[in-house]
Protein chains: 2
Amino acid sequence: MINKNISKVKVIPLGGLGEIGKNITAIEYDNEIIVIDCGLAFPDAEMYGVDLVIPNITYLLNNREKVKGFFLTHGHEDHIGALPYVLKQLNVAVYGTKLTLSLVKSKLEEHKILSDCTLSEVKQGEEVKTEKFRVEFIRTCHSIADACALAIHTPEGVIVHTGDFKIDYTPIDGKVINLHRFAKLGTEKVLLLMADSTNAERSGYTVSEKIIGENLTRIFERSKGRVIVATFASNINRIQQIINASLSYGRKVAFSGRSMEKISAIAIELGYMQLPEDQLISVEDINKYPSERITIITTGSQGEPMSALSRIASSNHKNITITKGDLVIISASPIPGNRKLISRLIDELFSKGAEVIYDAKEEIHVSGHACQEELKLMHTLIKPKFFMPVHGEYRHLKQHKLLAENLGMDAKNIFILETGQVLELSRNAARKSGVVTSGSIMVDGIGIGDVGNVVLRDRRHLSQDGILTVVVTIDKASFSILSGPDIVTRGFIFVRESGDLISEATEVVKAELDKCMERKITEWFVIKSNIKNSLGQFLYSKTRRNPIILPIIMEI
Amino acid sequence: MINKNISKVKVIPLGGLGEIGKNITAIEYDNEIIVIDCGLAFPDAEMYGVDLVIPNITYLLNNREKVKGFFLTHGHEDHIGALPYVLKQLNVAVYGTKLTLSLVKSKLEEHKILSDCTLSEVKQGEEVKTEKFRVEFIRTCHSIADACALAIHTPEGVIVHTGDFKIDYTPIDGKVINLHRFAKLGTEKVLLLMADSTNAERSGYTVSEKIIGENLTRIFERSKGRVIVATFASNINRIQQIINASLSYGRKVAFSGRSMEKISAIAIELGYMQLPEDQLISVEDINKYPSERITIITTGSQGEPMSALSRIASSNHKNITITKGDLVIISASPIPGNRKLISRLIDELFSKGAEVIYDAKEEIHVSGHACQEELKLMHTLIKPKFFMPVHGEYRHLKQHKLLAENLGMDAKNIFILETGQVLELSRNAARKSGVVTSGSIMVDGIGIGDVGNVVLRDRRHLSQDGILTVVVTIDKASFSILSGPDIVTRGFIFVRESGDLISEATEVVKAELDKCMERKITEWFVIKSNIKNSLGQFLYSKTRRNPIILPIIMEI
């Protein structure tokens with residue numbers, strides 16, 4: 001290559017492509033790296049016991065002197081949730097808008113590292129300069145307040161990263177997405193657009209948040225008893241609308257659920273949410289007021305088993321018991337994988353006598369992401385030279401690519417990357433160039449990365465067929481069995497049913513051991529492996545199950 | 001009560017209420033019981049390792065001399081799947097239409113009990129008489145051919161059970177639901193209607209199967225490469241439409257997937273499916289034909305990990321490898337709980353170069369169940385005195401009740417039952433009267449009912465945090481440790497990361513043991529419990545995890 005010494009801009013997604021969540025992208029030029037977002041992902045069903053998943057940031061750690069900071073588009077978990085873990089390893093400045101940083105702050109406090117970290121507030125419309133980059137925060141709309149797109153001015157051209165966005169002409173806080181700025185950038189040439197693909201499969205427009213407010217108000221109008229609304233704690237505008245509907249029908253508002261209480265307190269304190277102090281009551285005081293004067297806003301819209309709403313439904317909530325006449329509104333749509341939990345929750349609420357309004361029945365939730373018509377507007381305004389769909393599983397990225405092609409973009413200027421792939425850009429060209437270390441790190445309890453594929457495979461295996469431990473004490477001098485074999489099982493078979501099976505299994509092991517003793521086999525691993533084989537075959541033939549068999553030989 | 005000696009009709013649902021699947025209902029009068037359907041349910045995500053769930057039929061076993069037979073509405077798993085297990089305990093006659101019985105037959109063959117069983121074919125429109133009952137099979141439409149409603153003529157009046165149904169005026173096989181018969185029954189007075197509630201939440205009508213055929217044909221028209229269509233093996237009319245579209249564009253048809261091959265062979269043999277012999281090819285021969293001459297019809301529309309389509313997507317299918325130009329059509333909608341699996345499947349197919357058409361994009365699947373307008377028609381024709389919504393979770397039953405009330409039915413004549421509850425009916429009255437034994441029996445491998453709540457709780461626990469086995473050999477005479485303590489873990493922590501932790505844990509156990517030895521504690525359960533406590537606290541403080549701790553003491 002001729003121009004090998006000329007610097008290029010590298011775009012390196014370290015998460016968020018081909019998956020939902022864990023959004024993090026590095027932009028590199030020369031001796032500088034800036035990082036957009038630092039999110040977590042929630043574990044898949046087969047990540048047994050894993051609490052959350054964070055990105056592998058080896059690439060950033062290997063280039064730690066280059067990293068100038070994290071630039072946050074908004075305060076959702078999939079964009080900020082990995083920060084407490086990552087900042088412990090890579091303590092650089094964090095830039096974001098007020099609400100976003102408040103949410104980060106509360107996380108860092110929990111992890112007891114706030115005082116070591118540098119959080120720098122940026123207002124929508126402002127920019128942050130490093131030596132090589134200028135990062136401009138542009139106001140967008142999303143299902144959390146204070147969301148931004150980023151225009152990253154690099155020596156080779158402007159990169160626009162939309163963050164999560166939708167186009168809402170009538171947002172609740174009146175802060176319309178700054179289409180003018182996107183239009184202006186479009187006239188000045190944009191090198192690369194990275195745009196939200198979450199809803200790229202959906203035709204049409206995402207409905208305005210305002211419509212939801214109108215629908216909620218109609219529901220409140222006809223409601224005579226308590227109203228309990230479950231929604232996402234971070235959806236401050238939604239909560240504001242629930243508050244507004246409540247106040248206009250003379251209801252006081254109580255919050256229930258840890259994150260709901262926390263985030264609403266932050267939002268009220270910072271002025272993102274309006275609720276007169278005398279209209280806010282503690283959930284402990286709800287019984288002091290008549291039912292028709294109470295609204296409870298709660299977490300648990302996804303049916304999460306330990307959430308406030310699940311505890312309410314299963315009569316395990318300290319302060320709230322469902323009675324006939326209660327109305328429960330689930331103002332959220334099911335995240336894939338949660339539908340069964342939510343169904344069960346709804347059934348439980350119904351059977352306790354509540355009326356339940358949920359997505360199948362009325363329009364009480366709206367997405368925070370742009371559908372196809374909005375994406376077309378964004379592409380048309382920005383007119384990028386190159387395009388890279390982001391935020392979504394492969395099929396979302398693919399649909400977004402087709403959308404751009406249908407708008408006339410040349411397919412070869414569109415890049416679907418995988419996490420860890422590098423897109424190298426100069427003023428006139430873009431190409432995929434190599435791969436960096438990336439991936440998922442599983443967090444279980446305090447442990448970060450100490451649960452890997454072997455542990456997960458074992459957990460999966462244990463969950464399917466259980467475990468059978470075989471213990472025997474052997475006198476290694478005389479090749480004789482001193483004690484055992486004893487068999488103990490967990491998760492394999494119901495003990496009352498298993499009496500004969502376990503005593504037969506013990507005989508199988510004993511026979512195998514006798515053979516080994518006779519042949520004076522001294523390699524324990526051979527004995528163990530023989531036990532595993534004979535016992536495994538025996539159990540499979542009797543039960544068609546393959547429990548983990550754990551032979552333990554104690555020698556004296 | 002004055003009339004206590006007068007016989008009543010008892011309707012006893014033993015499954016299928018408040019749940020999806022496991023449909024089975026007993027109808028009892030005097031010394032006779034007839035049973036409608038005998039289905040299985042698929043396990044919930046938290047039923048770790050369980051293969052399937054069958055109903056508890058203790059009530060039938062306790063009244064075995066009364067039971068006159070099983071009357072099957074159609075051949076879906078949730079209506080016939082438990083028969084092989086149940087007939088082993090209660091071998092009575094099984095009545096159903098030809099296709100339904102063929103599917104039952106194939107199951108009984110697999111279980112090697114066919115020769116012991118009595119299957120009696122009934123044609124749509126015919127009836128079966130017992131001493132007390134007359135059971136009439138009435139043609140309906142559903143997503144499997146040969147579906148029936150049952151009109152059960154009892155001494156107290158007629159009970160109509162719709163089975164699963166929808167109203168399709170243009171079904172593929174031309175066999176329109178017998179609305180005239182329902183109308184006639186309505187004029188003659190129906191005591192009780194039991195009707196399918198699966199789609200009671202959905203307004204409007206279920207689209208005709210024919211529309212799907214037209215859409216599929218349009219897709220075939222524009223397809224240049226191979227077409228692979230995944231759908232339910234039992235949806236014979238859908239498969240017929242895929243065959244028709246294939247033949248009209250000069251494609252030969254191959255079937256892939258065990259149940260697809262099995263059921264299509266049965267359907268062709270019985271004349272339920274038309275496919276000229278020279279147009280059917282083996283999946284092993286597909287490469288002998290050009291791509292544009294091939295259609296593959298396969299199982300796996302729910303993303304089931306071992307299904308044909310999943311094996312195709314993950315390049316593990318012996319005969320089919322995805323190449324650019326392949327079109328995959330997923331002609332099914334996701335069953336709740338399967339959405340993530342299906343998403344992953346679609347992503348994998350896309351990334352291998354296939355085009356994928358799935359429910360989010362085009363109308364290529366339609367439900368087999370009646371929506372609200374169809375339910376209204378059925379209620380209006382049948383005009384029952386009493387109504388009991390069946391087939392559905394609680395909220396579906398509840399919506400169906402509301403629908404009946406909106407049609408003018410008196411709420412007190414509508415009965416939402418739970419599985420095991422008894423509805424007692426006479427010519428003029430109906431009331432809930434008591435509860436019989438019912439419930440779920442889990443089948444895991446060969447074992448029926450040997451996995452209970454304790455085993456499931458352990459499997460769940462094992463899947464979250466793994467297990468830690470502590471073994472020690474003790475000389476009970478001298479209160480001394482002869483060998484160990486040894487700690488072995490599975491699914492707890494990645495071994496390479498755990499070195500220090502496990503040796504520290506061993507020290508904790510040793511200290512605890514020393515204390516016990518010193519105090520000459522001879523009750524092993526006390527020692528075990530002390531080890532569990534100290535070790536559990538230690539591990540939680542270090543990892544925030546709670547593995548199952550299994551102390552095993554070997555004594556010599």
# chains A, B, ... in the order shown; residues from 1 in each chain; ligands from 1
$ interface_residues --of "chain B" --to "chain A" --cutoff "7 Å" --atoms "only C-alpha atoms" --output "PyMOL selection string"
chain B and resi 48-49+336-337+339-340+347+350+393-395+445-447+450-452+455-456+458-460+462-466+482-483+490-494+497+543-545+554-556
$ select_by_dssp --residues "stretch 200-241 of chain A" --states "alpha helix (DSSP H)" --output "MDAnalysis selection string"
chainID A and resid 209:222 236:241
$ write_last_selection --atoms "N, CA and C atoms" --output "PDB file, in the first residue's frame"
ATOM      1  N   GLU A 209     -45.128   9.892  22.026  1.00  0.00           N
ATOM      2  CA  GLU A 209     -45.360   9.643  23.445  1.00  0.00           C
ATOM      3  C   GLU A 209     -46.661  10.317  23.914  1.00  0.00           C
ATOM      4  N   LYS A 210     -46.989  11.434  23.266  1.00  0.00           N
ATOM      5  CA  LYS A 210     -48.168  12.195  23.676  1.00  0.00           C
ATOM      6  C   LYS A 210     -49.463  11.376  23.562  1.00  0.00           C
ATOM      7  N   ILE A 211     -49.525  10.538  22.525  1.00  0.00           N
ATOM      8  CA  ILE A 211     -50.724   9.706  22.312  1.00  0.00           C
ATOM      9  C   ILE A 211     -50.936   8.778  23.512  1.00  0.00           C
ATOM     10  N   ILE A 212     -49.832   8.273  24.010  1.00  0.00           N
ATOM     11  CA  ILE A 212     -49.916   7.381  25.164  1.00  0.00           C
ATOM     12  C   ILE A 212     -50.507   8.135  26.350  1.00  0.00           C
ATOM     13  N   GLY A 213     -50.076   9.389  26.505  1.00  0.00           N
ATOM     14  CA  GLY A 213     -50.602  10.222  27.586  1.00  0.00           C
ATOM     15  C   GLY A 213     -52.113  10.386  27.452  1.00  0.00           C
ATOM     16  N   GLU A 214     -52.565  10.608  26.222  1.00  0.00           N
ATOM     17  CA  GLU A 214     -54.006  10.789  26.001  1.00  0.00           C
ATOM     18  C   GLU A 214     -54.763   9.506  26.330  1.00  0.00           C
ATOM     19  N   ASN A 215     -54.184   8.372  25.911  1.00  0.00           N
ATOM     20  CA  ASN A 215     -54.843   7.086  26.202  1.00  0.00           C
ATOM     21  C   ASN A 215     -54.879   6.810  27.707  1.00  0.00           C
ATOM     22  N   LEU A 216     -53.766   7.117  28.367  1.00  0.00           N
ATOM     23  CA  LEU A 216     -53.725   6.912  29.822  1.00  0.00           C
ATOM     24  C   LEU A 216     -54.774   7.785  30.506  1.00  0.00           C
ATOM     25  N   THR A 217     -54.884   9.013  30.043  1.00  0.00           N
ATOM     26  CA  THR A 217     -55.850   9.930  30.656  1.00  0.00           C
ATOM     27  C   THR A 217     -57.264   9.390  30.522  1.00  0.00           C
ATOM     28  N   ARG A 218     -57.578   8.885  29.336  1.00  0.00           N
ATOM     29  CA  ARG A 218     -58.906   8.288  29.130  1.00  0.00           C
ATOM     30  C   ARG A 218     -59.155   7.140  30.105  1.00  0.00           C
ATOM     31  N   ILE A 219     -58.123   6.339  30.322  1.00  0.00           N
ATOM     32  CA  ILE A 219     -58.275   5.212  31.245  1.00  0.00           C
ATOM     33  C   ILE A 219     -58.493   5.718  32.674  1.00  0.00           C
ATOM     34  N   PHE A 220     -57.697   6.722  33.063  1.00  0.00           N
ATOM     35  CA  PHE A 220     -57.848   7.282  34.411  1.00  0.00           C
ATOM     36  C   PHE A 220     -59.249   7.878  34.600  1.00  0.00           C
ATOM     37  N   GLU A 221     -59.751   8.465  33.533  1.00  0.00           N
ATOM     38  CA  GLU A 221     -61.051   9.129  33.625  1.00  0.00           C
ATOM     39  C   GLU A 221     -62.138   8.150  34.074  1.00  0.00           C
ATOM     40  N   ARG A 222     -62.072   6.924  33.567  1.00  0.00           N
ATOM     41  CA  ARG A 222     -63.145   5.966  33.867  1.00  0.00           C
ATOM     42  C   ARG A 222     -62.841   5.099  35.089  1.00  0.00           C
ATOM     43  N   ILE A 236     -38.872   8.637  32.061  1.00  0.00           N
ATOM     44  CA  ILE A 236     -39.315   9.756  32.888  1.00  0.00           C
ATOM     45  C   ILE A 236     -40.499  10.487  32.277  1.00  0.00           C
ATOM     46  N   ASN A 237     -40.512  10.603  30.959  1.00  0.00           N
ATOM     47  CA  ASN A 237     -41.633  11.291  30.312  1.00  0.00           C
ATOM     48  C   ASN A 237     -42.925  10.491  30.455  1.00  0.00           C
ATOM     49  N   ARG A 238     -42.816   9.174  30.365  1.00  0.00           N
ATOM     50  CA  ARG A 238     -43.989   8.329  30.573  1.00  0.00           C
ATOM     51  C   ARG A 238     -44.513   8.519  31.993  1.00  0.00           C
ATOM     52  N   ILE A 239     -43.591   8.509  32.941  1.00  0.00           N
ATOM     53  CA  ILE A 239     -43.982   8.659  34.339  1.00  0.00           C
ATOM     54  C   ILE A 239     -44.628  10.031  34.557  1.00  0.00           C
ATOM     55  N   GLN A 240     -44.075  11.033  33.887  1.00  0.00           N
ATOM     56  CA  GLN A 240     -44.666  12.372  33.996  1.00  0.00           C
ATOM     57  C   GLN A 240     -46.116  12.354  33.517  1.00  0.00           C
ATOM     58  N   GLN A 241     -46.365  11.636  32.455  1.00  0.00           N
ATOM     59  CA  GLN A 241     -47.736  11.577  31.930  1.00  0.00           C
ATOM     60  C   GLN A 241     -48.664  10.843  32.888  1.00  0.00           C
TER      61      GLN A 241
END
$ calpha_fit_rmsd --fixed "chain B" --moving "chain A"
0.1 Å
$ residues_around --residues "A:Thr299" --least-positions-apart "6" --cutoff "6 Å" --atoms "only C-alpha atoms" --output "PyMOL selection string"
chain A and resi 230-231+257+308
$ residues_around --residues "stretch 54-63 of chain B" --least-positions-apart "5" --cutoff "10 Å" --atoms "only C-alpha atoms" --output "PyMOL selection string"
chain B and resi 12+14-16+21-24+26+31-35+38-43+78+81-83+85-86+89-90+419-420+436-443+448-449
$ residues_around --residues "stretch 529-534 of chain A" --least-positions-apart "2" --cutoff "10 Å" --atoms "only C-alpha atoms" --output "NGL selection string"
:A and (470 or 505 or 508-513 or 515-516 or 524-527 or 536-539 or 548-551)
$ closest_residue --among "A:Asn91, A:Ser115, A:Thr380, A:Ser426" --to "A:Pro155" --atoms "only C-alpha atoms"
A:Ser426
$ closest_residue --among "B:Leu17, B:Tyr205, B:Ala233, B:Tyr169" --to "B:Gly75" --atoms "only C-alpha atoms"
B:Ala233
$ select_by_dssp --residues "stretch 66-185 of chain B" --states "strand (DSSP E)" --output "PyMOL selection string"
chain B and resi 67-71+94-96+119-121+127-129+134-139+148-154+157-161
$ write_last_selection --atoms "N, CA, C and O atoms" --output "tab-separated table (two decimals), in the first residue's frame"
chain	number	residue	atom	x	y	z
B	67	VAL	N	-64.94	-45.38	33.23
B	67	VAL	CA	-64.44	-44.65	32.05
B	67	VAL	C	-64.71	-45.43	30.77
B	67	VAL	O	-64.24	-46.55	30.59
B	68	LYS	N	-65.47	-44.83	29.86
B	68	LYS	CA	-65.91	-45.51	28.64
B	68	LYS	C	-65.00	-45.23	27.44
B	68	LYS	O	-65.11	-45.92	26.43
B	69	GLY	N	-64.18	-44.21	27.54
B	69	GLY	CA	-63.30	-43.97	26.40
B	69	GLY	C	-62.82	-42.53	26.32
B	69	GLY	O	-63.32	-41.64	27.01
B	70	PHE	N	-61.78	-42.34	25.47
B	70	PHE	CA	-61.28	-41.00	25.16
B	70	PHE	C	-61.85	-40.58	23.81
B	70	PHE	O	-61.80	-41.36	22.84
B	71	PHE	N	-62.38	-39.40	23.74
B	71	PHE	CA	-62.97	-38.86	22.51
B	71	PHE	C	-62.10	-37.67	22.08
B	71	PHE	O	-62.04	-36.67	22.79
B	94	VAL	N	-60.34	-45.55	22.32
B	94	VAL	CA	-60.03	-44.20	21.89
B	94	VAL	C	-60.80	-43.93	20.59
B	94	VAL	O	-60.69	-44.70	19.63
B	95	TYR	N	-61.58	-42.86	20.59
B	95	TYR	CA	-62.39	-42.51	19.42
B	95	TYR	C	-61.88	-41.23	18.78
B	95	TYR	O	-61.57	-40.26	19.48
B	96	GLY	N	-61.82	-41.23	17.45
B	96	GLY	CA	-61.39	-40.01	16.76
B	96	GLY	C	-61.51	-40.19	15.27
B	96	GLY	O	-61.78	-41.29	14.78
B	119	LEU	N	-58.43	-48.55	19.01
B	119	LEU	CA	-58.70	-47.26	18.37
B	119	LEU	C	-59.91	-47.42	17.46
B	119	LEU	O	-59.95	-48.32	16.63
B	120	SER	N	-60.90	-46.55	17.65
B	120	SER	CA	-62.12	-46.66	16.84
B	120	SER	C	-62.32	-45.41	16.02
B	120	SER	O	-62.51	-44.32	16.56
B	121	GLU	N	-62.32	-45.59	14.72
B	121	GLU	CA	-62.45	-44.43	13.85
B	121	GLU	C	-63.89	-43.95	13.79
B	121	GLU	O	-64.83	-44.75	13.69
B	127	GLU	N	-71.69	-40.48	15.18
B	127	GLU	CA	-71.71	-40.38	16.64
B	127	GLU	C	-71.39	-41.73	17.28
B	127	GLU	O	-71.45	-42.78	16.65
B	128	VAL	N	-71.00	-41.65	18.54
B	128	VAL	CA	-70.66	-42.85	19.31
B	128	VAL	C	-71.61	-42.88	20.50
B	128	VAL	O	-71.82	-41.87	21.17
B	129	LYS	N	-72.19	-44.06	20.75
B	129	LYS	CA	-73.13	-44.14	21.87
B	129	LYS	C	-72.54	-44.96	23.01
B	129	LYS	O	-71.93	-46.00	22.80
B	134	ARG	N	-74.33	-39.81	24.17
B	134	ARG	CA	-74.23	-39.94	22.73
B	134	ARG	C	-73.26	-38.83	22.29
B	134	ARG	O	-73.50	-37.66	22.56
B	135	VAL	N	-72.13	-39.21	21.71
B	135	VAL	CA	-71.09	-38.23	21.38
B	135	VAL	C	-71.01	-38.06	19.88
B	135	VAL	O	-70.68	-38.98	19.14
B	136	GLU	N	-71.33	-36.85	19.44
B	136	GLU	CA	-71.44	-36.55	18.02
B	136	GLU	C	-70.19	-35.77	17.60
B	136	GLU	O	-69.80	-34.83	18.26
B	137	PHE	N	-69.57	-36.20	16.51
B	137	PHE	CA	-68.37	-35.52	16.00
B	137	PHE	C	-68.79	-34.54	14.90
B	137	PHE	O	-69.32	-34.96	13.87
B	138	ILE	N	-68.53	-33.26	15.11
B	138	ILE	CA	-68.98	-32.23	14.16
B	138	ILE	C	-67.77	-31.57	13.52
B	138	ILE	O	-66.84	-31.14	14.21
B	139	ARG	N	-67.80	-31.47	12.20
B	139	ARG	CA	-66.64	-30.94	11.48
B	139	ARG	C	-66.36	-29.47	11.83
B	139	ARG	O	-67.26	-28.63	11.83
B	148	CYS	N	-62.59	-31.75	14.96
B	148	CYS	CA	-64.01	-31.85	15.30
B	148	CYS	C	-64.36	-31.09	16.57
B	148	CYS	O	-63.54	-30.98	17.47
B	149	ALA	N	-65.58	-30.63	16.61
B	149	ALA	CA	-66.20	-30.28	17.89
B	149	ALA	C	-66.99	-31.51	18.32
B	149	ALA	O	-67.26	-32.39	17.51
B	150	LEU	N	-67.32	-31.58	19.58
B	150	LEU	CA	-68.13	-32.70	20.06
B	150	LEU	C	-69.44	-32.17	20.64
B	150	LEU	O	-69.44	-31.20	21.41
B	151	ALA	N	-70.54	-32.77	20.22
B	151	ALA	CA	-71.82	-32.49	20.88
B	151	ALA	C	-72.12	-33.72	21.72
B	151	ALA	O	-72.27	-34.82	21.18
B	152	ILE	N	-72.13	-33.53	23.02
B	152	ILE	CA	-72.31	-34.66	23.92
B	152	ILE	C	-73.72	-34.62	24.46
B	152	ILE	O	-74.09	-33.74	25.23
B	153	HIS	N	-74.51	-35.58	23.99
B	153	HIS	CA	-75.91	-35.63	24.40
B	153	HIS	C	-75.98	-36.41	25.71
B	153	HIS	O	-75.67	-37.59	25.75
B	154	THR	N	-76.33	-35.70	26.77
B	154	THR	CA	-76.41	-36.32	28.10
B	154	THR	C	-77.88	-36.37	28.52
B	154	THR	O	-78.73	-35.68	27.93
B	157	GLY	N	-79.11	-32.86	29.02
B	157	GLY	CA	-79.05	-31.87	27.94
B	157	GLY	C	-77.78	-32.02	27.13
B	157	GLY	O	-76.94	-32.89	27.42
B	158	VAL	N	-77.62	-31.15	26.15
B	158	VAL	CA	-76.48	-31.26	25.24
B	158	VAL	C	-75.34	-30.36	25.70
B	158	VAL	O	-75.56	-29.20	26.05
B	159	ILE	N	-74.15	-30.94	25.70
B	159	ILE	CA	-72.95	-30.15	25.95
B	159	ILE	C	-72.18	-30.06	24.65
B	159	ILE	O	-71.90	-31.08	24.02
B	160	VAL	N	-71.88	-28.84	24.21
B	160	VAL	CA	-71.07	-28.68	23.01
B	160	VAL	C	-69.66	-28.26	23.42
B	160	VAL	O	-69.48	-27.28	24.13
B	161	HIS	N	-68.68	-29.04	22.99
B	161	HIS	CA	-67.27	-28.70	23.21
B	161	HIS	C	-66.68	-28.41	21.85
B	161	HIS	O	-66.64	-29.29	20.98
$ atom_distance --atom1 "atom CA of B:Asp196" --atom2 "atom CA of B:Ile80"
16.3 Å
$ closest_residue --among "A:Ile263, A:Ile286, A:Leu179, A:Ile242" --to "A:Leu381" --atoms "only C-alpha atoms"
A:Leu179
